[in-house]
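A.B. asks: The file below is model-v2.cif, mmCIF, C-alpha atoms:
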data_target
#
loop_
_atom_site.group_PDB
_atom_site.id
_atom_site.type_symbol
_atom_site.label_atom_id
_atom_site.label_comp_id
_atom_site.auth_asym_id
_atom_site.auth_seq_id
_atom_site.Cartn_x
_atom_site.Cartn_y
_atom_site.Cartn_z
ATOM 1 C CA MET A 1 -21.969 6.069 -24.081
ATOM 2 C CA ASP A 2 -21.047 3.506 -21.430
ATOM 3 C CA GLU A 3 -17.630 2.007 -20.834
ATOM 4 C CA ARG A 4 -18.356 -1.165 -22.738
ATOM 5 C CA GLN A 5 -19.459 0.754 -25.829
ATOM 6 C CA LEU A 6 -16.431 3.011 -25.591
ATOM 7 C CA ALA A 7 -14.147 -0.009 -25.304
ATOM 8 C CA GLN A 8 -15.819 -1.593 -28.304
ATOM 9 C CA ARG A 9 -15.251 1.559 -30.348
ATOM 10 C CA ALA A 10 -11.666 1.814 -29.136
ATOM 11 C CA GLN A 11 -11.020 -1.756 -30.230
ATOM 12 C CA ALA A 12 -12.359 -0.823 -33.649
ATOM 13 C CA GLY A 13 -9.782 1.979 -33.837
ATOM 14 C CA ASP A 14 -11.631 5.003 -32.447
ATOM 15 C CA PHE A 15 -9.001 7.095 -30.653
ATOM 16 C CA GLU A 16 -11.515 9.488 -29.120
ATOM 17 C CA ALA A 17 -13.269 6.581 -27.412
ATOM 18 C CA PHE A 18 -9.942 5.363 -26.045
ATOM 19 C CA ALA A 19 -9.045 8.857 -24.828
ATOM 20 C CA GLU A 20 -12.381 9.092 -23.026
ATOM 21 C CA LEU A 21 -11.793 5.771 -21.270
ATOM 22 C CA ILE A 22 -8.323 6.829 -20.178
ATOM 23 C CA SER A 23 -9.585 10.178 -19.014
ATOM 24 C CA ALA A 24 -12.069 8.557 -16.637
ATOM 25 C CA HIS A 25 -9.292 6.666 -14.826
ATOM 26 C CA LYS A 26 -6.200 8.820 -15.221
ATOM 27 C CA ASP A 27 -6.301 10.571 -11.836
ATOM 28 C CA ARG A 28 -6.772 7.339 -9.912
ATOM 29 C CA ILE A 29 -3.940 5.660 -11.827
ATOM 30 C CA TYR A 30 -1.654 8.653 -11.279
ATOM 31 C CA ARG A 31 -2.426 8.629 -7.556
ATOM 32 C CA LEU A 32 -1.627 4.915 -7.356
ATOM 33 C CA ALA A 33 1.643 5.432 -9.252
ATOM 34 C CA LEU A 34 2.569 8.334 -7.006
ATOM 35 C CA ARG A 35 1.939 6.369 -3.841
ATOM 36 C CA LEU A 36 3.772 3.282 -5.107
ATOM 37 C CA SER A 37 6.813 5.172 -6.335
ATOM 38 C CA GLY A 38 6.909 8.082 -3.902
ATOM 39 C CA SER A 39 8.229 10.228 -6.749
ATOM 40 C CA ARG A 40 6.476 12.434 -9.288
ATOM 41 C CA GLU A 41 9.008 11.605 -11.958
ATOM 42 C CA ASP A 42 8.563 7.841 -11.558
ATOM 43 C CA ALA A 43 4.792 8.238 -11.296
ATOM 44 C CA GLU A 44 4.735 10.075 -14.633
ATOM 45 C CA ASP A 45 6.802 7.327 -16.264
ATOM 46 C CA ILE A 46 4.512 4.635 -14.885
ATOM 47 C CA VAL A 47 1.358 6.403 -16.092
ATOM 48 C CA GLN A 48 2.807 7.074 -19.521
ATOM 49 C CA ASP A 49 4.073 3.517 -19.981
ATOM 50 C CA ALA A 50 0.793 2.075 -18.723
ATOM 51 C CA PHE A 51 -1.327 4.080 -21.169
ATOM 52 C CA LEU A 52 0.959 3.239 -24.093
ATOM 53 C CA LYS A 53 0.825 -0.419 -23.091
ATOM 54 C CA ALA A 54 -2.975 -0.180 -22.976
ATOM 55 C CA ILE A 55 -2.939 0.862 -26.635
ATOM 56 C CA ASP A 56 -0.706 -2.068 -27.547
ATOM 57 C CA LYS A 57 -2.977 -4.500 -25.713
ATOM 58 C CA ILE A 58 -6.367 -2.965 -26.428
ATOM 59 C CA ASP A 59 -7.392 -5.960 -28.591
ATOM 60 C CA GLN A 60 -6.849 -8.241 -25.597
ATOM 61 C CA PHE A 61 -9.290 -6.342 -23.399
ATOM 62 C CA ARG A 62 -12.370 -8.476 -22.735
ATOM 63 C CA LEU A 63 -15.507 -6.428 -23.103
ATOM 64 C CA GLU A 64 -17.276 -8.197 -20.249
ATOM 65 C CA SER A 65 -14.670 -7.000 -17.737
ATOM 66 C CA SER A 66 -14.081 -3.558 -16.246
ATOM 67 C CA PHE A 67 -11.810 -1.244 -18.214
ATOM 68 C CA GLY A 68 -10.746 0.479 -15.012
ATOM 69 C CA THR A 69 -9.605 -2.779 -13.400
ATOM 70 C CA TRP A 70 -7.802 -3.787 -16.572
ATOM 71 C CA LEU A 71 -5.975 -0.476 -16.816
ATOM 72 C CA TYR A 72 -5.201 -0.606 -13.100
ATOM 73 C CA ALA A 73 -3.568 -4.033 -13.517
ATOM 74 C CA ILE A 74 -1.471 -2.732 -16.421
ATOM 75 C CA ALA A 75 -0.327 0.230 -14.332
ATOM 76 C CA LEU A 76 0.609 -2.080 -11.455
ATOM 77 C CA ASN A 77 2.689 -4.193 -13.824
ATOM 78 C CA GLN A 78 4.447 -1.100 -15.124
ATOM 79 C CA ALA A 79 5.118 0.085 -11.584
ATOM 80 C CA ARG A 80 6.544 -3.296 -10.662
ATOM 81 C CA ALA A 81 8.707 -3.413 -13.779
ATOM 82 C CA LEU A 82 10.177 -0.006 -12.929
ATOM 83 C CA LEU A 83 10.414 -0.204 -9.155
ATOM 84 C CA ALA A 84 10.845 -3.828 -8.124
ATOM 85 C CA LYS A 85 14.318 -4.146 -9.579
ATOM 86 C CA ARG A 86 15.677 -1.385 -7.357
ATOM 87 C CA LYS A 87 17.779 -2.954 -4.683
ATOM 88 C CA GLN A 88 16.343 -2.661 -1.189
ATOM 89 C CA ASP A 89 17.080 -4.712 1.892
ATOM 90 C CA ASP A 90 14.463 -7.338 2.615
ATOM 91 C CA LEU A 91 12.333 -6.970 5.718
ATOM 92 C CA ARG A 92 12.953 -9.187 8.731
ATOM 93 C CA PRO A 93 10.741 -12.199 9.524
ATOM 94 C CA ILE A 94 7.481 -11.346 11.293
ATOM 95 C CA GLU A 95 8.572 -12.740 14.681
ATOM 96 C CA ASP A 96 11.504 -10.335 14.770
ATOM 97 C CA TYR A 97 9.176 -7.362 14.876
ATOM 98 C CA LEU A 98 7.028 -8.628 17.720
ATOM 99 C CA PRO A 99 7.605 -7.563 21.310
ATOM 100 C CA GLY A 100 9.969 -9.619 23.403
ATOM 101 C CA HIS A 101 7.868 -12.232 25.075
ATOM 102 C CA GLN A 102 6.822 -11.046 28.450
ATOM 103 C CA ALA A 103 7.793 -13.590 31.035
ATOM 104 C CA VAL A 104 5.358 -14.324 33.817
ATOM 105 C CA ASP A 105 6.619 -15.962 36.976
ATOM 106 C CA ILE A 106 3.899 -18.508 37.559
ATOM 107 C CA GLU A 107 4.709 -19.046 41.218
ATOM 108 C CA SER A 108 4.643 -15.409 42.249
ATOM 109 C CA GLY A 109 2.241 -14.346 39.483
ATOM 110 C CA ARG A 110 4.477 -11.389 38.854
ATOM 111 C CA SER A 111 5.021 -10.309 35.343
ATOM 112 C CA GLU A 112 8.529 -9.496 34.312
ATOM 113 C CA ALA A 113 9.424 -8.130 30.932
ATOM 114 C CA ASP A 114 12.433 -9.841 29.382
ATOM 115 C CA SER A 115 12.973 -6.959 26.973
ATOM 116 C CA PRO A 116 12.564 -3.220 27.368
ATOM 117 C CA GLY A 117 8.934 -2.136 27.188
ATOM 118 C CA LEU A 118 7.606 -0.804 23.921
ATOM 119 C CA PHE A 119 7.204 2.918 23.459
ATOM 120 C CA GLU A 120 3.616 3.997 23.828
ATOM 121 C CA TRP A 121 2.685 6.589 21.216
ATOM 122 C CA LYS A 122 1.456 9.793 22.726
ATOM 123 C CA ASP A 123 -0.598 11.679 20.172
ATOM 124 C CA PRO A 124 1.945 11.761 17.344
ATOM 125 C CA GLU A 125 -0.282 14.294 15.573
ATOM 126 C CA LYS A 126 0.569 16.763 18.343
ATOM 127 C CA LEU A 127 4.322 16.214 18.076
ATOM 128 C CA PHE A 128 4.501 17.128 14.406
ATOM 129 C CA GLU A 129 3.063 19.578 11.956
ATOM 130 C CA GLU A 130 0.652 17.781 9.653
ATOM 131 C CA GLU A 131 2.842 18.262 6.592
ATOM 132 C CA GLU A 132 5.984 17.104 8.399
ATOM 133 C CA LEU A 133 4.273 13.957 9.615
ATOM 134 C CA ARG A 134 2.939 13.278 6.126
ATOM 135 C CA GLN A 135 6.429 13.575 4.673
ATOM 136 C CA ILE A 136 7.900 11.266 7.288
ATOM 137 C CA ILE A 137 5.232 8.670 6.557
ATOM 138 C CA ASN A 138 5.565 8.939 2.792
ATOM 139 C CA GLY A 139 9.329 8.603 3.150
ATOM 140 C CA LEU A 140 9.024 5.470 5.275
ATOM 141 C CA VAL A 141 6.512 3.889 2.906
ATOM 142 C CA ALA A 142 8.788 4.663 -0.044
ATOM 143 C CA GLU A 143 11.688 2.929 1.757
ATOM 144 C CA LEU A 144 9.821 -0.373 2.057
ATOM 145 C CA PRO A 145 10.991 -2.999 -0.418
ATOM 146 C CA TYR A 146 8.612 -2.850 -3.353
ATOM 147 C CA LYS A 147 6.662 -6.074 -2.860
ATOM 148 C CA TYR A 148 5.744 -5.059 0.695
ATOM 149 C CA ARG A 149 4.950 -1.468 -0.201
ATOM 150 C CA GLU A 150 2.685 -2.635 -3.010
ATOM 151 C CA ALA A 151 0.746 -5.068 -0.801
ATOM 152 C CA PHE A 152 0.442 -2.543 2.035
ATOM 153 C CA LEU A 153 -0.762 0.332 -0.143
ATOM 154 C CA LEU A 154 -3.202 -1.807 -2.096
ATOM 155 C CA ARG A 155 -4.692 -2.994 1.185
ATOM 156 C CA TYR A 156 -4.899 0.206 3.175
ATOM 157 C CA ASP A 157 -4.694 3.017 0.676
ATOM 158 C CA GLU A 158 -6.593 1.477 -2.217
ATOM 159 C CA GLU A 159 -8.670 -0.632 0.179
ATOM 160 C CA LEU A 160 -8.611 -3.832 -1.860
ATOM 161 C CA SER A 161 -9.323 -7.087 -0.028
ATOM 162 C CA VAL A 162 -6.518 -9.593 0.581
ATOM 163 C CA LYS A 163 -8.013 -11.824 -2.092
ATOM 164 C CA GLU A 164 -8.180 -9.019 -4.649
ATOM 165 C CA ILE A 165 -4.558 -8.130 -3.968
ATOM 166 C CA ALA A 166 -3.463 -11.762 -4.190
ATOM 167 C CA ASP A 167 -5.153 -11.974 -7.602
ATOM 168 C CA VAL A 168 -3.669 -8.783 -8.925
ATOM 169 C CA ILE A 169 -0.098 -9.529 -7.765
ATOM 170 C CA ASN A 170 -0.345 -13.223 -8.583
ATOM 171 C CA GLU A 171 0.501 -14.544 -5.143
ATOM 172 C CA SER A 172 -1.243 -16.822 -2.655
ATOM 173 C CA GLU A 173 -3.464 -15.204 -0.037
ATOM 174 C CA ALA A 174 -1.107 -16.435 2.691
ATOM 175 C CA ALA A 175 1.905 -14.786 1.058
ATOM 176 C CA THR A 176 -0.094 -11.605 0.504
ATOM 177 C CA LYS A 177 -1.174 -11.486 4.144
ATOM 178 C CA SER A 178 2.388 -11.997 5.276
ATOM 179 C CA ARG A 179 3.628 -9.121 3.102
ATOM 180 C CA ILE A 180 0.957 -6.786 4.417
ATOM 181 C CA LEU A 181 1.740 -7.647 8.025
ATOM 182 C CA ARG A 182 5.509 -7.355 7.605
ATOM 183 C CA ALA A 183 5.112 -3.956 5.981
ATOM 184 C CA ARG A 184 2.850 -2.870 8.809
ATOM 185 C CA LEU A 185 5.276 -4.122 11.469
ATOM 186 C CA ALA A 186 8.275 -2.484 9.813
ATOM 187 C CA LEU A 187 6.475 0.854 9.467
ATOM 188 C CA ARG A 188 5.301 0.675 13.070
ATOM 189 C CA GLU A 189 8.823 0.076 14.296
ATOM 190 C CA LYS A 190 10.295 2.993 12.360
ATOM 191 C CA LEU A 191 7.503 5.359 13.341
ATOM 192 C CA SER A 192 7.941 4.332 16.943
ATOM 193 C CA GLU A 193 11.653 5.209 16.871
ATOM 194 C CA ILE A 194 10.916 8.591 15.333
ATOM 195 C CA PHE A 195 8.104 9.379 17.784
ATOM 196 C CA GLU A 196 10.138 8.306 20.791
ATOM 197 C CA GLU A 197 13.088 10.434 19.774
ATOM 198 C CA ARG A 198 10.888 13.469 19.194
ATOM 199 C CA TYR A 199 9.038 12.912 22.431
ATOM 200 C CA ASP A 200 12.311 12.710 24.375
ATOM 201 C CA ARG A 201 13.489 15.925 22.754
ATOM 202 C CA GLU A 202 10.262 17.744 23.597
ATOM 203 C CA MET A 203 10.476 16.569 27.205
ATOM 204 C CA SER A 204 14.094 17.530 27.772
ATOM 205 C CA MET B 205 8.801 -21.008 35.290
ATOM 206 C CA THR B 206 7.656 -18.739 32.632
ATOM 207 C CA GLU B 207 4.753 -18.622 30.288
ATOM 208 C CA LYS B 208 5.121 -16.988 26.914
ATOM 209 C CA CYS B 209 2.723 -14.694 25.135
ATOM 210 C CA PRO B 210 0.346 -16.665 22.930
ATOM 211 C CA ASP B 211 1.476 -17.105 19.379
ATOM 212 C CA TYR B 212 -0.978 -14.955 17.480
ATOM 213 C CA VAL B 213 1.321 -13.973 14.625
ATOM 214 C CA ASN B 214 -0.871 -15.459 11.926
ATOM 215 C CA GLU B 215 -4.000 -13.875 13.323
ATOM 216 C CA LEU B 216 -2.560 -10.449 14.040
ATOM 217 C CA ASN B 217 -3.595 -8.675 10.864
ATOM 218 C CA ASP B 218 -7.070 -10.214 10.854
ATOM 219 C CA PHE B 219 -7.434 -9.163 14.470
ATOM 220 C CA LEU B 220 -6.398 -5.598 13.678
ATOM 221 C CA ASP B 221 -8.610 -5.393 10.611
ATOM 222 C CA GLY B 222 -11.613 -6.878 12.393
ATOM 223 C CA THR B 223 -11.764 -9.964 10.185
ATOM 224 C CA LEU B 224 -10.898 -12.546 12.844
ATOM 225 C CA ASP B 225 -13.370 -15.061 14.326
ATOM 226 C CA ALA B 226 -14.941 -13.986 17.624
ATOM 227 C CA ALA B 227 -13.408 -16.728 19.793
ATOM 228 C CA THR B 228 -9.772 -16.062 18.805
ATOM 229 C CA CYS B 229 -10.466 -12.361 18.945
ATOM 230 C CA ALA B 230 -11.640 -12.670 22.558
ATOM 231 C CA GLU B 231 -8.548 -14.712 23.408
ATOM 232 C CA ILE B 232 -6.207 -12.029 22.088
ATOM 233 C CA GLN B 233 -8.288 -9.316 23.727
ATOM 234 C CA LYS B 234 -7.953 -11.092 27.054
ATOM 235 C CA HIS B 235 -4.195 -11.421 26.697
ATOM 236 C CA ILE B 236 -3.818 -7.768 25.787
ATOM 237 C CA GLY B 237 -5.659 -6.917 28.988
ATOM 238 C CA HIS B 238 -2.690 -7.988 31.085
ATOM 239 C CA CYS B 239 0.299 -7.798 28.731
ATOM 240 C CA ASP B 240 1.551 -4.247 28.241
ATOM 241 C CA ASN B 241 3.893 -4.990 25.361
ATOM 242 C CA CYS B 242 1.224 -6.743 23.340
ATOM 243 C CA ARG B 243 -1.310 -4.023 24.118
ATOM 244 C CA ILE B 244 1.057 -1.304 22.928
ATOM 245 C CA MET B 245 1.994 -3.384 19.892
ATOM 246 C CA VAL B 246 -1.629 -3.771 18.854
ATOM 247 C CA ASP B 247 -2.457 -0.139 19.542
ATOM 248 C CA THR B 248 0.515 1.257 17.608
ATOM 249 C CA LEU B 249 -0.020 -1.144 14.700
ATOM 250 C CA ARG B 250 -3.548 0.176 14.492
ATOM 251 C CA GLN B 251 -2.321 3.770 14.510
ATOM 252 C CA THR B 252 0.268 2.925 11.845
ATOM 253 C CA VAL B 253 -2.454 2.242 9.322
ATOM 254 C CA THR B 254 -4.513 5.253 10.371
ATOM 255 C CA LEU B 255 -1.488 7.497 9.888
ATOM 256 C CA CYS B 256 -0.461 5.969 6.556
ATOM 257 C CA ARG B 257 -3.918 6.237 5.078
ATOM 258 C CA GLY B 258 -5.207 9.073 3.033
ATOM 259 C CA GLY B 259 -2.307 10.953 1.559
ATOM 260 C CA LYS B 260 -3.401 13.973 -0.403
ATOM 261 C CA SER B 261 -4.572 13.110 -3.842
ATOM 262 C CA GLU B 262 -3.142 15.042 -6.764
ATOM 263 C CA PRO B 263 -4.680 15.187 -10.219
ATOM 264 C CA LEU B 264 -2.611 14.195 -13.222
ATOM 265 C CA PRO B 265 -0.283 17.151 -13.898
ATOM 266 C CA ALA B 266 -1.242 19.327 -16.876
ATOM 267 C CA ALA B 267 2.230 19.049 -18.433
ATOM 268 C CA LEU B 268 2.028 15.266 -18.375
ATOM 269 C CA GLN B 269 -1.461 15.402 -19.836
ATOM 270 C CA ALA B 270 -0.205 17.552 -22.709
ATOM 271 C CA ARG B 271 2.685 15.171 -23.360
ATOM 272 C CA LEU B 272 0.377 12.159 -23.197
ATOM 273 C CA ASP B 273 -2.052 13.653 -25.700
ATOM 274 C CA GLY B 274 0.678 13.663 -28.333
ATOM 275 C CA LEU B 275 2.308 10.371 -27.391
ATOM 276 C CA LEU B 276 -0.892 8.350 -27.204
ATOM 277 C CA LYS B 277 -2.185 9.724 -30.464
ATOM 278 C CA ALA B 278 1.097 8.880 -32.191
ATOM 279 C CA ARG B 279 1.078 5.323 -30.811
ATOM 280 C CA TRP B 280 -2.558 4.955 -31.845
ATOM 281 C CA GLU B 281 -1.815 5.986 -35.406
ATOM 282 C CA GLN B 282 1.087 3.587 -35.482
ATOM 283 C CA LYS B 283 -1.257 0.784 -34.520
ATOM 284 C CA PHE B 284 -4.443 1.634 -36.400
ATOM 285 C CA GLY B 285 -3.222 3.976 -39.089
ATOM 286 C CA ARG B 286 -3.909 7.678 -39.452
ATOM 287 C CA SER B 287 -7.326 7.540 -41.117
ATOM 288 C CA ARG B 288 -8.953 5.381 -38.441
ATOM 289 C CA SER B 289 -7.844 7.611 -35.599
ATOM 290 C CA GLN B 290 -9.862 10.552 -36.893
#
Could you express the structure from this file as structure tokens?

C.D. replies:
Amino acid sequence: MDERQLAQRAQAGDFEAFAELISAHKDRIYRLALRLSGSREDAEDIVQDAFLKAIDKIDQFRLESSFGTWLYAIALNQARALLAKRKQDDLRPIEDYLPGHQAVDIESGRSEADSPGLFEWKDPEKLFEEEELRQIINGLVAELPYKYREAFLLRYDEELSVKEIADVINESEAATKSRILRARLALREKLSEIFEERYDREMS
Amino acid sequence: MTEKCPDYVNELNDFLDGTLDAATCAEIQKHIGHCDNCRIMVDTLRQTVTLCRGGKSEPLPAALQARLDGLLKARWEQKFGRSRSQ
């Protein structure tokens, strides 16, 4: 039985059909919830609330659309409802994350940095054990204010296009792009600090 | 006199993700060729995404699955009634 037929049966009250639909998407939804929340406990709450909400709204599901996408959107809403209200400092404006403009003396042609040079990453994979690096990264992603974390993960972890993300989070494409970039800049900056510190320690 | 780095803020992500038009892309590429800070910025931003991608994927935990089985069934019966959920 295909998804459309299952959804039709579910809408008519067939629990087994609903359970089969959920089963096909549960691991992907759990993974999304885990990445968005950074916590197993929160991820379980999000999944549970999303599936219960799907029952409540099953009549509203349009048979011509994809059940997976519909369920995904419900899970994202649940994640936002749980996580977005947690207080986190906003990120800085994009320009603040960019390197200090490098001044070039036009007469002499010499280039002169007006801020300290950026730290060049030297094989971070070699500085850390794989699991340690993974934990650092997950921790940094989890620290991002929710709206940035959501946009970043949907773009690079779930590999949705900017337009798809804009649709699913109900924002303009410009605002979505800005969130993705700010998240990326903030993560880069924090990773750079951590790598530089570790590199200095290894060298001393 | 000084000349500042070009303002490519709005194009940065498209540049990194390979979705920028060829002309602007070449312009940024050229600048990166002689500006160390911008080159490092672009390179480390690229690595940021590579590193953040692909966390291990975990299946839905069995304990949660067991809890869900009961909860979903109960909610279903509340909505559709016991007989129709059989």

A.B. asks: So which residues touch Ala7 of chain A within 7 Å, counting all atoms listed in the file, skipping near sequence neighbours fewer than 6 positions away, as a list of chain:residue names?

C.D. replies: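 So, after excluding close chain neighbours, the residues are A:Ala17, A:Phe18, A:Leu63.
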
A.B. asks: Take atom CA of Leu181 of chain A and atom CA of Asn217 of chain B and report the distance between them in Å, one decimal.

C.D. replies: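 Spanning atom CA of Leu181 of chain A to atom CA of Asn217 of chain B is a straight-line distance of 6.1 Å.
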
A.B. asks: Go ahead and find all residues with at least one atom no further than 10 Å from (-1.3, 4.8, 5.7) in the file's coordinates, using all atoms listed in the file; report them as number ranges by chain.

C.D. replies: A: 134, 137-138, 141, 152-153, 155-157, 184, 187; B: 251-259

A.B. asks: Smallest atom-to-atom distance to Asp45 of chain A: which of B:Val246, B:Leu272, B:Cys209, B:Ile232, using all atoms listed in the file?

C.D. replies: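 Nearest to Asp45 of chain A: B:Leu272.
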
A.B. asks: If you measure from atom CA of Asp200 of chain A to atom CA of Glu120 of chain A, what distance in Å do you get, rounded to one decimal?

C.D. replies: 12.3 Å

A.B. asks: I'd like the contact shell of Leu154 of chain A - 10 Å cut-off, only C-alpha atoms, skipping same-chain residues fewer than 6 positions apart - returned as a ChimeraX atom specification.

C.D. replies: /A:32,35-36,148,160-162,164-165,168,180

A.B. asks: Write down, as a PyMOL selection string, each residue of chain A that has any atom within 9 Å of an atom of chain B, counting all atoms listed in the file.

C.D. replies: chain A and resi 12-16+19+26-31+34-35+44+48+51-52+55-56+94-95+98-107+111+113+117-121+125+133-134+137-138+141+153+156-157+177-178+180-181+184-185+187-189+191-192

A.B. asks: Assuming the chain letters and numbering stay as they are in my file, what does the PyMOL selection byres ((chain A and resi 71-86) around 6) actually select? List them as a PyMOL selection string.

C.D. replies: chain A and resi 46+50+68-70+87+146

A.B. asks: Rounded to one decimal place, report the atom CA of Ala33 of chain A-atom CA of Val47 of chain A distance in Å.

C.D. replies: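 Separating atom CA of Ala33 of chain A from atom CA of Val47 of chain A is a distance of 6.9 Å.
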
A.B. asks: Which residues, written as a PyMOL selection string, have at least one atom at most 9 Å from Tyr199 of chain A, with all atoms listed in the file counted and residues fewer than 6 positions away on the same chain left out?

C.D. replies: chain A and resi 122+124+127

A.B. asks: With C-alpha atoms retained, write the just-selected residues as a short mmCIF file (atom, residue, chain, number, x, y, z; two decimals), in the frame of the given file.

C.D. replies:
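Result went into out_30.cif, see below:
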data_model
loop_
_atom_site.label_atom_id
_atom_site.label_comp_id
_atom_site.auth_asym_id
_atom_site.auth_seq_id
_atom_site.Cartn_x
_atom_site.Cartn_y
_atom_site.Cartn_z
CA LYS A 122 1.46 9.79 22.73
CA PRO A 124 1.94 11.76 17.34
CA LEU A 127 4.32 16.21 18.08
#

A.B. asks: If you take every atom of segment 215-232 of chain B that the file lists and fit an axis-aligned box around them with 6 Å extra on each side, what centre and edge lengths come out in Å to one decimal, as JSON?

C.D. replies:
{"center_x": -8.8, "center_y": -11.1, "center_z": 16.8, "size_x": 24.4, "size_y": 23.3, "size_z": 25.2}
